[in-house]
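Shown here: target.txt, compact mmCIF, N, CA and C atoms.
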# COMPACT_ATOMS: atom_id res chain seq x y z
N MET A 1 96.50 109.63 110.30
CA MET A 1 96.93 108.25 110.40
C MET A 1 98.04 108.03 109.39
N ASN A 2 99.19 107.51 109.83
CA ASN A 2 100.30 107.23 108.95
C ASN A 2 100.29 105.78 108.54
N VAL A 3 100.45 105.50 107.26
CA VAL A 3 100.57 104.13 106.79
C VAL A 3 102.05 103.89 106.52
N PHE A 4 102.58 102.80 107.09
CA PHE A 4 103.99 102.50 106.97
C PHE A 4 104.22 101.52 105.85
N ALA A 5 105.22 101.79 105.07
CA ALA A 5 105.66 100.86 104.05
C ALA A 5 107.18 100.89 104.07
N ALA A 6 107.79 99.75 104.08
CA ALA A 6 109.24 99.69 104.12
C ALA A 6 109.74 98.80 102.99
N THR A 7 110.82 99.20 102.38
CA THR A 7 111.46 98.36 101.39
C THR A 7 112.49 97.53 102.13
N ILE A 8 112.39 96.23 102.00
CA ILE A 8 113.30 95.34 102.69
C ILE A 8 114.48 95.06 101.76
N ALA A 9 115.66 95.41 102.19
CA ALA A 9 116.87 95.18 101.41
C ALA A 9 117.90 94.55 102.32
N SER A 10 118.49 93.49 101.89
CA SER A 10 119.49 92.77 102.67
C SER A 10 118.94 92.37 104.04
N GLY A 11 117.65 92.09 104.10
CA GLY A 11 117.06 91.61 105.34
C GLY A 11 116.74 92.70 106.34
N LEU A 12 117.07 93.97 106.04
CA LEU A 12 116.82 95.02 107.01
C LEU A 12 116.33 96.25 106.27
N GLY A 13 115.22 96.79 106.73
CA GLY A 13 114.71 98.03 106.15
C GLY A 13 114.39 98.98 107.27
N ILE A 14 114.53 100.27 107.04
CA ILE A 14 114.23 101.25 108.07
C ILE A 14 113.31 102.30 107.45
N VAL A 15 112.22 102.57 108.12
CA VAL A 15 111.35 103.65 107.70
C VAL A 15 111.89 104.90 108.37
N THR A 16 112.48 105.77 107.61
CA THR A 16 113.16 106.93 108.18
C THR A 16 112.18 107.94 108.71
N GLY A 17 112.55 108.52 109.81
CA GLY A 17 111.77 109.60 110.41
C GLY A 17 110.53 109.16 111.15
N LEU A 18 110.15 107.89 111.08
CA LEU A 18 108.91 107.46 111.70
C LEU A 18 109.14 106.55 112.90
N GLY A 19 110.35 106.08 113.10
CA GLY A 19 110.66 105.30 114.29
C GLY A 19 110.24 103.85 114.22
N LEU A 20 109.99 103.30 113.05
CA LEU A 20 109.58 101.91 112.94
C LEU A 20 110.65 101.16 112.16
N PHE A 21 111.14 100.06 112.72
CA PHE A 21 112.17 99.28 112.08
C PHE A 21 111.60 97.92 111.73
N THR A 22 111.98 97.37 110.57
CA THR A 22 111.56 96.03 110.20
C THR A 22 112.79 95.19 109.94
N GLN A 23 112.65 93.91 110.15
CA GLN A 23 113.77 93.01 109.93
C GLN A 23 113.20 91.64 109.57
N ALA A 24 113.81 90.97 108.61
CA ALA A 24 113.39 89.63 108.27
C ALA A 24 113.49 88.76 109.51
N ALA A 25 112.49 87.93 109.72
CA ALA A 25 112.48 87.12 110.94
C ALA A 25 112.18 85.67 110.61
N GLN A 26 112.65 84.80 111.43
CA GLN A 26 112.32 83.38 111.36
C GLN A 26 111.22 83.09 112.38
N ALA A 27 110.30 84.04 112.55
CA ALA A 27 109.23 83.95 113.53
C ALA A 27 109.80 83.85 114.95
N GLN A 28 110.91 84.56 115.20
CA GLN A 28 111.55 84.57 116.50
C GLN A 28 111.81 86.00 116.96
N PHE A 29 111.68 86.22 118.25
CA PHE A 29 112.09 87.50 118.82
C PHE A 29 113.56 87.40 119.20
N PRO A 30 114.33 88.48 119.06
CA PRO A 30 115.76 88.43 119.35
C PRO A 30 116.05 88.34 120.84
N GLN A 31 117.26 87.94 121.17
CA GLN A 31 117.71 87.98 122.55
C GLN A 31 117.74 89.44 122.99
N PRO A 32 117.45 89.71 124.26
CA PRO A 32 117.47 91.11 124.72
C PRO A 32 118.86 91.73 124.54
N ARG A 33 118.86 92.99 124.16
CA ARG A 33 120.12 93.74 124.06
C ARG A 33 120.68 93.92 125.47
N GLY A 34 121.94 94.31 125.56
CA GLY A 34 122.57 94.55 126.87
C GLY A 34 121.79 95.57 127.68
N GLY A 35 121.51 95.27 128.93
CA GLY A 35 120.77 96.16 129.81
C GLY A 35 119.27 96.11 129.60
N CYS A 36 118.80 95.22 128.74
CA CYS A 36 117.37 95.11 128.47
C CYS A 36 116.83 93.76 128.95
N GLN A 37 115.53 93.73 129.17
CA GLN A 37 114.86 92.49 129.54
C GLN A 37 113.44 92.51 128.98
N TYR A 38 112.94 91.32 128.68
CA TYR A 38 111.56 91.21 128.22
C TYR A 38 110.61 91.41 129.40
N LEU A 39 109.53 92.14 129.17
CA LEU A 39 108.49 92.30 130.18
C LEU A 39 107.53 91.12 130.08
N ARG A 40 106.86 90.83 131.19
CA ARG A 40 105.92 89.72 131.24
C ARG A 40 104.48 90.22 131.13
N GLU A 41 103.68 89.48 130.40
CA GLU A 41 102.26 89.82 130.25
C GLU A 41 101.56 89.62 131.59
N VAL A 42 100.60 90.46 131.90
CA VAL A 42 99.96 90.51 133.21
C VAL A 42 99.35 89.18 133.64
N THR A 43 98.55 88.53 132.81
CA THR A 43 97.81 87.34 133.27
C THR A 43 98.58 86.04 133.07
N THR A 44 99.31 85.91 131.95
CA THR A 44 99.99 84.64 131.68
C THR A 44 101.42 84.60 132.19
N ARG A 45 102.00 85.77 132.44
CA ARG A 45 103.40 85.92 132.87
C ARG A 45 104.38 85.50 131.76
N GLN A 46 103.90 85.34 130.56
CA GLN A 46 104.74 84.99 129.41
C GLN A 46 105.36 86.27 128.83
N THR A 47 106.52 86.14 128.20
CA THR A 47 107.17 87.31 127.60
C THR A 47 106.77 87.51 126.14
N GLN A 48 106.27 86.47 125.50
CA GLN A 48 105.82 86.56 124.12
C GLN A 48 104.37 86.09 124.06
N ILE A 49 103.52 86.89 123.45
CA ILE A 49 102.09 86.60 123.42
C ILE A 49 101.64 86.48 121.97
N ARG A 50 100.90 85.42 121.68
CA ARG A 50 100.30 85.24 120.35
C ARG A 50 98.82 85.55 120.47
N LYS A 51 98.32 86.34 119.51
CA LYS A 51 96.91 86.69 119.50
C LYS A 51 96.33 86.52 118.10
N VAL A 52 95.05 86.18 118.07
CA VAL A 52 94.27 86.14 116.85
C VAL A 52 93.20 87.20 117.01
N VAL A 53 93.11 88.12 116.05
CA VAL A 53 92.15 89.22 116.15
C VAL A 53 90.73 88.66 116.15
N ALA A 54 89.96 89.04 117.15
CA ALA A 54 88.58 88.59 117.30
C ALA A 54 87.63 89.59 116.65
N THR A 55 86.38 89.23 116.59
CA THR A 55 85.35 90.12 116.05
C THR A 55 85.40 91.45 116.77
N ASN A 56 85.32 92.53 116.02
CA ASN A 56 85.33 93.90 116.56
C ASN A 56 86.58 94.20 117.37
N ASN A 57 87.68 93.46 117.14
CA ASN A 57 88.94 93.70 117.85
C ASN A 57 88.76 93.71 119.37
N SER A 58 87.87 92.86 119.87
CA SER A 58 87.55 92.85 121.30
C SER A 58 88.68 92.33 122.18
N ASN A 59 89.69 91.72 121.60
CA ASN A 59 90.83 91.23 122.39
C ASN A 59 92.11 91.96 122.01
N ALA A 60 91.99 93.23 121.67
CA ALA A 60 93.11 93.99 121.13
C ALA A 60 94.16 94.36 122.17
N ASN A 61 93.80 94.47 123.45
CA ASN A 61 94.73 94.95 124.48
C ASN A 61 95.54 93.83 125.10
N THR A 62 96.84 94.10 125.25
CA THR A 62 97.74 93.20 125.97
C THR A 62 98.57 94.07 126.91
N ASP A 63 98.56 93.74 128.20
CA ASP A 63 99.29 94.52 129.20
C ASP A 63 100.52 93.77 129.67
N PHE A 64 101.64 94.51 129.75
CA PHE A 64 102.91 93.97 130.22
C PHE A 64 103.31 94.70 131.50
N VAL A 65 103.78 93.95 132.50
CA VAL A 65 104.16 94.51 133.80
C VAL A 65 105.59 95.03 133.74
N VAL A 66 105.78 96.26 134.22
CA VAL A 66 107.12 96.83 134.36
C VAL A 66 107.56 96.57 135.80
N PRO A 67 108.65 95.81 136.01
CA PRO A 67 109.08 95.50 137.37
C PRO A 67 109.51 96.76 138.13
N THR A 68 109.24 96.75 139.42
CA THR A 68 109.65 97.88 140.26
C THR A 68 111.11 97.72 140.67
N GLY A 69 111.72 98.80 141.10
CA GLY A 69 113.09 98.75 141.60
C GLY A 69 114.15 98.86 140.52
N ILE A 70 113.74 98.97 139.26
CA ILE A 70 114.69 99.12 138.17
C ILE A 70 114.29 100.38 137.41
N ALA A 71 115.25 101.26 137.18
CA ALA A 71 114.96 102.50 136.45
C ALA A 71 115.19 102.26 134.96
N PHE A 72 114.10 102.04 134.21
CA PHE A 72 114.19 101.84 132.78
C PHE A 72 114.16 103.20 132.08
N THR A 73 114.94 103.34 131.02
CA THR A 73 115.00 104.61 130.29
C THR A 73 114.37 104.53 128.91
N SER A 74 114.24 103.33 128.37
CA SER A 74 113.63 103.17 127.06
C SER A 74 112.97 101.80 126.95
N TYR A 75 112.16 101.67 125.91
CA TYR A 75 111.39 100.45 125.69
C TYR A 75 111.43 100.12 124.20
N LEU A 76 111.18 98.86 123.87
CA LEU A 76 111.15 98.42 122.50
C LEU A 76 109.98 97.46 122.31
N GLY A 77 108.96 97.92 121.61
CA GLY A 77 107.82 97.06 121.28
C GLY A 77 108.14 96.28 120.02
N MET A 78 107.75 95.01 119.99
CA MET A 78 108.03 94.15 118.85
C MET A 78 106.79 93.37 118.45
N MET A 79 106.62 93.19 117.15
CA MET A 79 105.49 92.43 116.65
C MET A 79 105.95 91.60 115.46
N ILE A 80 105.50 90.35 115.41
CA ILE A 80 105.71 89.48 114.25
C ILE A 80 104.32 89.09 113.75
N PRO A 81 103.88 89.67 112.63
CA PRO A 81 102.57 89.31 112.08
C PRO A 81 102.62 87.95 111.38
N GLU A 82 101.52 87.24 111.42
CA GLU A 82 101.42 85.96 110.72
C GLU A 82 100.67 86.08 109.40
N ASN A 83 100.28 87.31 109.05
CA ASN A 83 99.54 87.55 107.82
C ASN A 83 100.09 88.79 107.13
N ASN A 84 100.05 88.81 105.81
CA ASN A 84 100.30 90.05 105.06
C ASN A 84 99.03 90.87 105.22
N GLU A 85 99.07 91.81 106.13
CA GLU A 85 97.83 92.48 106.53
C GLU A 85 98.14 93.85 107.09
N ARG A 86 97.12 94.65 107.18
CA ARG A 86 97.23 95.98 107.80
C ARG A 86 96.84 95.87 109.27
N TYR A 87 97.73 96.35 110.12
CA TYR A 87 97.49 96.37 111.56
C TYR A 87 97.64 97.80 112.06
N THR A 88 96.96 98.12 113.12
CA THR A 88 97.17 99.39 113.82
C THR A 88 97.70 99.05 115.20
N ALA A 89 98.83 99.65 115.54
CA ALA A 89 99.48 99.40 116.84
C ALA A 89 99.49 100.69 117.64
N GLU A 90 98.98 100.59 118.86
CA GLU A 90 98.97 101.73 119.78
C GLU A 90 99.64 101.27 121.07
N VAL A 91 100.49 102.11 121.63
CA VAL A 91 101.17 101.79 122.89
C VAL A 91 100.86 102.89 123.90
N ASN A 92 100.40 102.46 125.08
CA ASN A 92 100.10 103.38 126.17
C ASN A 92 100.88 102.96 127.41
N LEU A 93 101.36 103.93 128.16
CA LEU A 93 102.03 103.66 129.44
C LEU A 93 101.10 104.06 130.56
N LYS A 94 101.03 103.21 131.59
CA LYS A 94 100.20 103.48 132.76
C LYS A 94 101.11 103.76 133.95
N TYR A 95 100.76 104.82 134.72
CA TYR A 95 101.61 105.28 135.82
C TYR A 95 100.93 105.06 137.17
N PRO A 96 101.73 105.01 138.24
CA PRO A 96 101.18 104.79 139.58
C PRO A 96 100.18 105.84 140.05
N ASP A 97 100.24 107.05 139.50
CA ASP A 97 99.29 108.10 139.93
C ASP A 97 97.97 108.04 139.16
N ASN A 98 97.70 106.89 138.50
CA ASN A 98 96.49 106.65 137.70
C ASN A 98 96.43 107.44 136.40
N SER A 99 97.53 108.05 135.99
CA SER A 99 97.56 108.72 134.70
C SER A 99 98.12 107.75 133.65
N SER A 100 98.03 108.15 132.40
CA SER A 100 98.57 107.33 131.32
C SER A 100 99.01 108.26 130.19
N SER A 101 99.83 107.73 129.29
CA SER A 101 100.25 108.50 128.13
C SER A 101 100.36 107.58 126.93
N MET A 102 99.89 108.07 125.79
CA MET A 102 100.04 107.33 124.54
C MET A 102 101.42 107.68 123.97
N VAL A 103 102.21 106.65 123.68
CA VAL A 103 103.56 106.90 123.16
C VAL A 103 103.70 106.50 121.70
N ALA A 104 102.72 105.79 121.16
CA ALA A 104 102.77 105.43 119.74
C ALA A 104 101.37 105.10 119.24
N ASN A 105 101.13 105.43 118.00
CA ASN A 105 99.91 105.04 117.30
C ASN A 105 100.27 104.98 115.83
N ARG A 106 100.47 103.76 115.33
CA ARG A 106 100.97 103.56 113.97
C ARG A 106 100.10 102.55 113.22
N THR A 107 99.96 102.78 111.93
CA THR A 107 99.34 101.80 111.05
C THR A 107 100.46 101.17 110.24
N ILE A 108 100.46 99.85 110.20
CA ILE A 108 101.54 99.10 109.58
C ILE A 108 100.95 98.20 108.49
N GLN A 109 101.42 98.35 107.27
CA GLN A 109 101.08 97.40 106.21
C GLN A 109 102.11 96.29 106.33
N ALA A 110 101.79 95.29 107.13
CA ALA A 110 102.78 94.30 107.57
C ALA A 110 103.01 93.19 106.56
N ARG A 111 104.24 92.70 106.58
CA ARG A 111 104.60 91.51 105.82
C ARG A 111 104.69 90.35 106.78
N ARG A 112 104.18 89.25 106.36
CA ARG A 112 104.13 88.04 107.16
C ARG A 112 105.52 87.61 107.63
N PHE A 113 105.62 87.32 108.92
CA PHE A 113 106.83 86.80 109.57
C PHE A 113 108.02 87.75 109.52
N TYR A 114 107.76 89.05 109.42
CA TYR A 114 108.81 90.05 109.58
C TYR A 114 108.71 90.62 110.99
N LEU A 115 109.83 90.94 111.55
CA LEU A 115 109.89 91.52 112.89
C LEU A 115 109.78 93.03 112.75
N TYR A 116 108.76 93.61 113.37
CA TYR A 116 108.58 95.06 113.40
C TYR A 116 108.93 95.55 114.80
N GLN A 117 109.79 96.56 114.88
CA GLN A 117 110.24 97.08 116.16
C GLN A 117 109.89 98.56 116.27
N LEU A 118 109.43 98.94 117.44
CA LEU A 118 109.05 100.32 117.68
C LEU A 118 109.67 100.78 118.99
N PRO A 119 110.76 101.56 118.93
CA PRO A 119 111.37 102.08 120.17
C PRO A 119 110.55 103.25 120.70
N PHE A 120 110.46 103.35 122.03
CA PHE A 120 109.76 104.48 122.64
C PHE A 120 110.31 104.75 124.03
N ARG A 121 110.02 105.93 124.54
CA ARG A 121 110.39 106.37 125.88
C ARG A 121 109.17 106.96 126.55
N THR A 122 109.22 107.07 127.87
CA THR A 122 108.13 107.73 128.57
C THR A 122 108.24 109.23 128.36
N PRO A 123 107.17 109.89 127.93
CA PRO A 123 107.23 111.33 127.72
C PRO A 123 107.10 112.14 129.00
N THR A 124 106.75 111.49 130.10
CA THR A 124 106.51 112.20 131.36
C THR A 124 107.69 112.18 132.31
N GLY A 125 108.67 111.30 132.07
CA GLY A 125 109.77 111.15 133.00
C GLY A 125 109.43 110.24 134.17
N GLN A 126 108.16 109.84 134.29
CA GLN A 126 107.73 108.92 135.35
C GLN A 126 108.01 107.48 134.92
N GLN A 127 108.23 106.61 135.90
CA GLN A 127 108.40 105.19 135.63
C GLN A 127 107.01 104.55 135.54
N PRO A 128 106.62 103.98 134.38
CA PRO A 128 105.32 103.32 134.30
C PRO A 128 105.33 102.01 135.07
N PHE A 129 104.15 101.55 135.45
CA PHE A 129 104.05 100.22 136.06
C PHE A 129 103.54 99.20 135.05
N GLN A 130 103.04 99.71 133.90
CA GLN A 130 102.48 98.81 132.91
C GLN A 130 102.60 99.42 131.51
N VAL A 131 102.86 98.54 130.54
CA VAL A 131 102.85 98.92 129.13
C VAL A 131 101.66 98.23 128.50
N ASN A 132 100.79 99.02 127.87
CA ASN A 132 99.61 98.48 127.20
C ASN A 132 99.83 98.54 125.70
N ALA A 133 99.75 97.39 125.06
CA ALA A 133 99.82 97.32 123.60
C ALA A 133 98.42 97.00 123.09
N ARG A 134 97.94 97.83 122.18
CA ARG A 134 96.62 97.62 121.58
C ARG A 134 96.84 97.47 120.08
N ILE A 135 96.65 96.24 119.59
CA ILE A 135 96.86 95.95 118.18
C ILE A 135 95.54 95.50 117.57
N THR A 136 95.15 96.19 116.52
CA THR A 136 93.90 95.85 115.83
C THR A 136 94.21 95.49 114.38
N GLY A 137 93.28 94.77 113.80
CA GLY A 137 93.43 94.35 112.41
C GLY A 137 92.16 93.65 111.97
N ASN A 138 92.23 93.01 110.82
CA ASN A 138 91.07 92.28 110.32
C ASN A 138 90.86 91.00 111.10
N ARG A 139 89.62 90.60 111.22
CA ARG A 139 89.25 89.38 111.96
C ARG A 139 90.04 88.17 111.46
N ASN A 140 90.47 87.35 112.41
CA ASN A 140 91.21 86.11 112.18
C ASN A 140 92.64 86.30 111.70
N THR A 141 93.16 87.52 111.73
CA THR A 141 94.58 87.70 111.48
C THR A 141 95.31 87.49 112.80
N ALA A 142 96.54 87.03 112.72
CA ALA A 142 97.27 86.69 113.94
C ALA A 142 98.62 87.40 113.98
N TYR A 143 99.14 87.52 115.19
CA TYR A 143 100.44 88.16 115.39
C TYR A 143 100.98 87.73 116.75
N ARG A 144 102.27 87.96 116.93
CA ARG A 144 102.90 87.78 118.24
C ARG A 144 103.52 89.10 118.64
N ILE A 145 103.46 89.40 119.94
CA ILE A 145 104.03 90.64 120.44
C ILE A 145 104.89 90.39 121.66
N ALA A 146 105.82 91.31 121.89
CA ALA A 146 106.69 91.30 123.06
C ALA A 146 107.17 92.73 123.28
N VAL A 147 107.58 93.02 124.52
CA VAL A 147 108.10 94.34 124.86
C VAL A 147 109.36 94.17 125.68
N GLN A 148 110.42 94.89 125.32
CA GLN A 148 111.64 94.94 126.12
C GLN A 148 111.71 96.28 126.84
N ALA A 149 112.22 96.25 128.06
CA ALA A 149 112.50 97.46 128.82
C ALA A 149 114.02 97.52 128.99
N CYS A 150 114.58 98.71 128.83
CA CYS A 150 116.04 98.87 128.86
C CYS A 150 116.46 99.93 129.87
N ARG A 151 117.59 99.67 130.53
CA ARG A 151 118.15 100.63 131.50
C ARG A 151 118.97 101.68 130.81

File written out as structure tokens:
Amino acid sequence: MNVFAATIASGLGIVTGLGLFTQAAQAQFPQPRGGCQYLREVTTRQTQIRKVVATNNSNANTDFVVPTGIAFTSYLGMMIPENNERYTAEVNLKYPDNSSSMVANRTIQARRFYLYQLPFRTPTGQQPFQVNARITGNRNTAYRIAVQACR
């Protein structure tokens, strides 16, 4: 298990070699980069989801729908924690053939209201139909998450 720590300088810090980027945030997710779009959560159809960690992390999973007909080549998971707390973030991709792949599993010693970004790609070359984000932490800690898909 890797514990991430980043030094924030001039509003931007990068954890080298680990693929996790942090940026000072005003509790806002950025506009999508060119060729990217926010994915919608399965049940609410919202692009940004706020969660409060429940007992035993029973509400840890959030699923985002990947639209069909668009060939995405990369993804960007984003989280804004509302607490100075330790979180574990896991990202899984689900494929039409009922297979799945874990693309990230990171422990983050998060700073409140900082934007944490985790870029990832599908390791199988298949187009997923769903991105599953599983974020765990201490009870009653809160965070917001979003996922961008890019062409």

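Omitting Ala104 of chain A and its sequence neighbours fewer than 2 positions away, and counting only N, CA and C atoms, the residues within 5 Å are Glu90, Val91, Met102 and Arg106 of chain A.
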
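From atom N of Val53 of chain A back to atom C of Tyr95 of chain A, the distance works out to 28.2 Å.
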
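Of the residues listed (A:Lys51, A:Arg86, A:Lys94, A:Arg112), A:Lys94 shows the shortest atom-to-atom separation from Asn132 of chain A; distances use only C-alpha atoms.
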
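By all atoms listed in the file, and with residues fewer than 2 positions from Gln130 of chain A along its chain excluded, the set lying at most 7 Å from it is Asp63, Phe64, Val65, Val66, Asn92, Leu93, Lys94, Tyr95, Pro96, Gln127, Pro128 and Asn132 of chain A.
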
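Using all atoms listed in the file, the nearest neighbour of Ser101 of chain A within the list A:Thr68, A:Ser74, A:Thr124, A:Gln31 is A:Thr124.
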
### Query
What is the distance between atom CA of Arg151 of chain A and atom CA of Gln48 of chain A, in Å to one decimal?
20.1 Å

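Remark: for Val147 of chain A, the closest of the candidate residues A:Ala110, A:Val52, A:Val131, A:Met78 is A:Met78 (distances computed over only N, CA and C atoms).
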
### Query
Could you write out, as JSON, numbers by chain, all the residues of chain A that DSSP marks as strand (DSSP E)?
{"A": [3, 4, 12, 13, 14, 15, 20, 21, 22, 23, 24, 36, 37, 38, 40, 41, 49, 50, 51, 52, 61, 62, 63, 64, 65, 74, 75, 76, 77, 78, 79, 80, 81, 85, 86, 87, 88, 89, 90, 91, 92, 93, 94, 100, 101, 102, 103, 104, 105, 106, 107, 108, 109, 110, 114, 115, 116, 117, 118, 119, 120, 130, 131, 132, 133, 134, 135, 136, 142, 143, 144, 145, 146, 147, 148, 149, 150]}

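Using all atoms listed in the file, the nearest neighbour of Thr107 of chain A within the list A:Ile70, A:Ile145, A:Tyr87, A:Asn59 is A:Tyr87.
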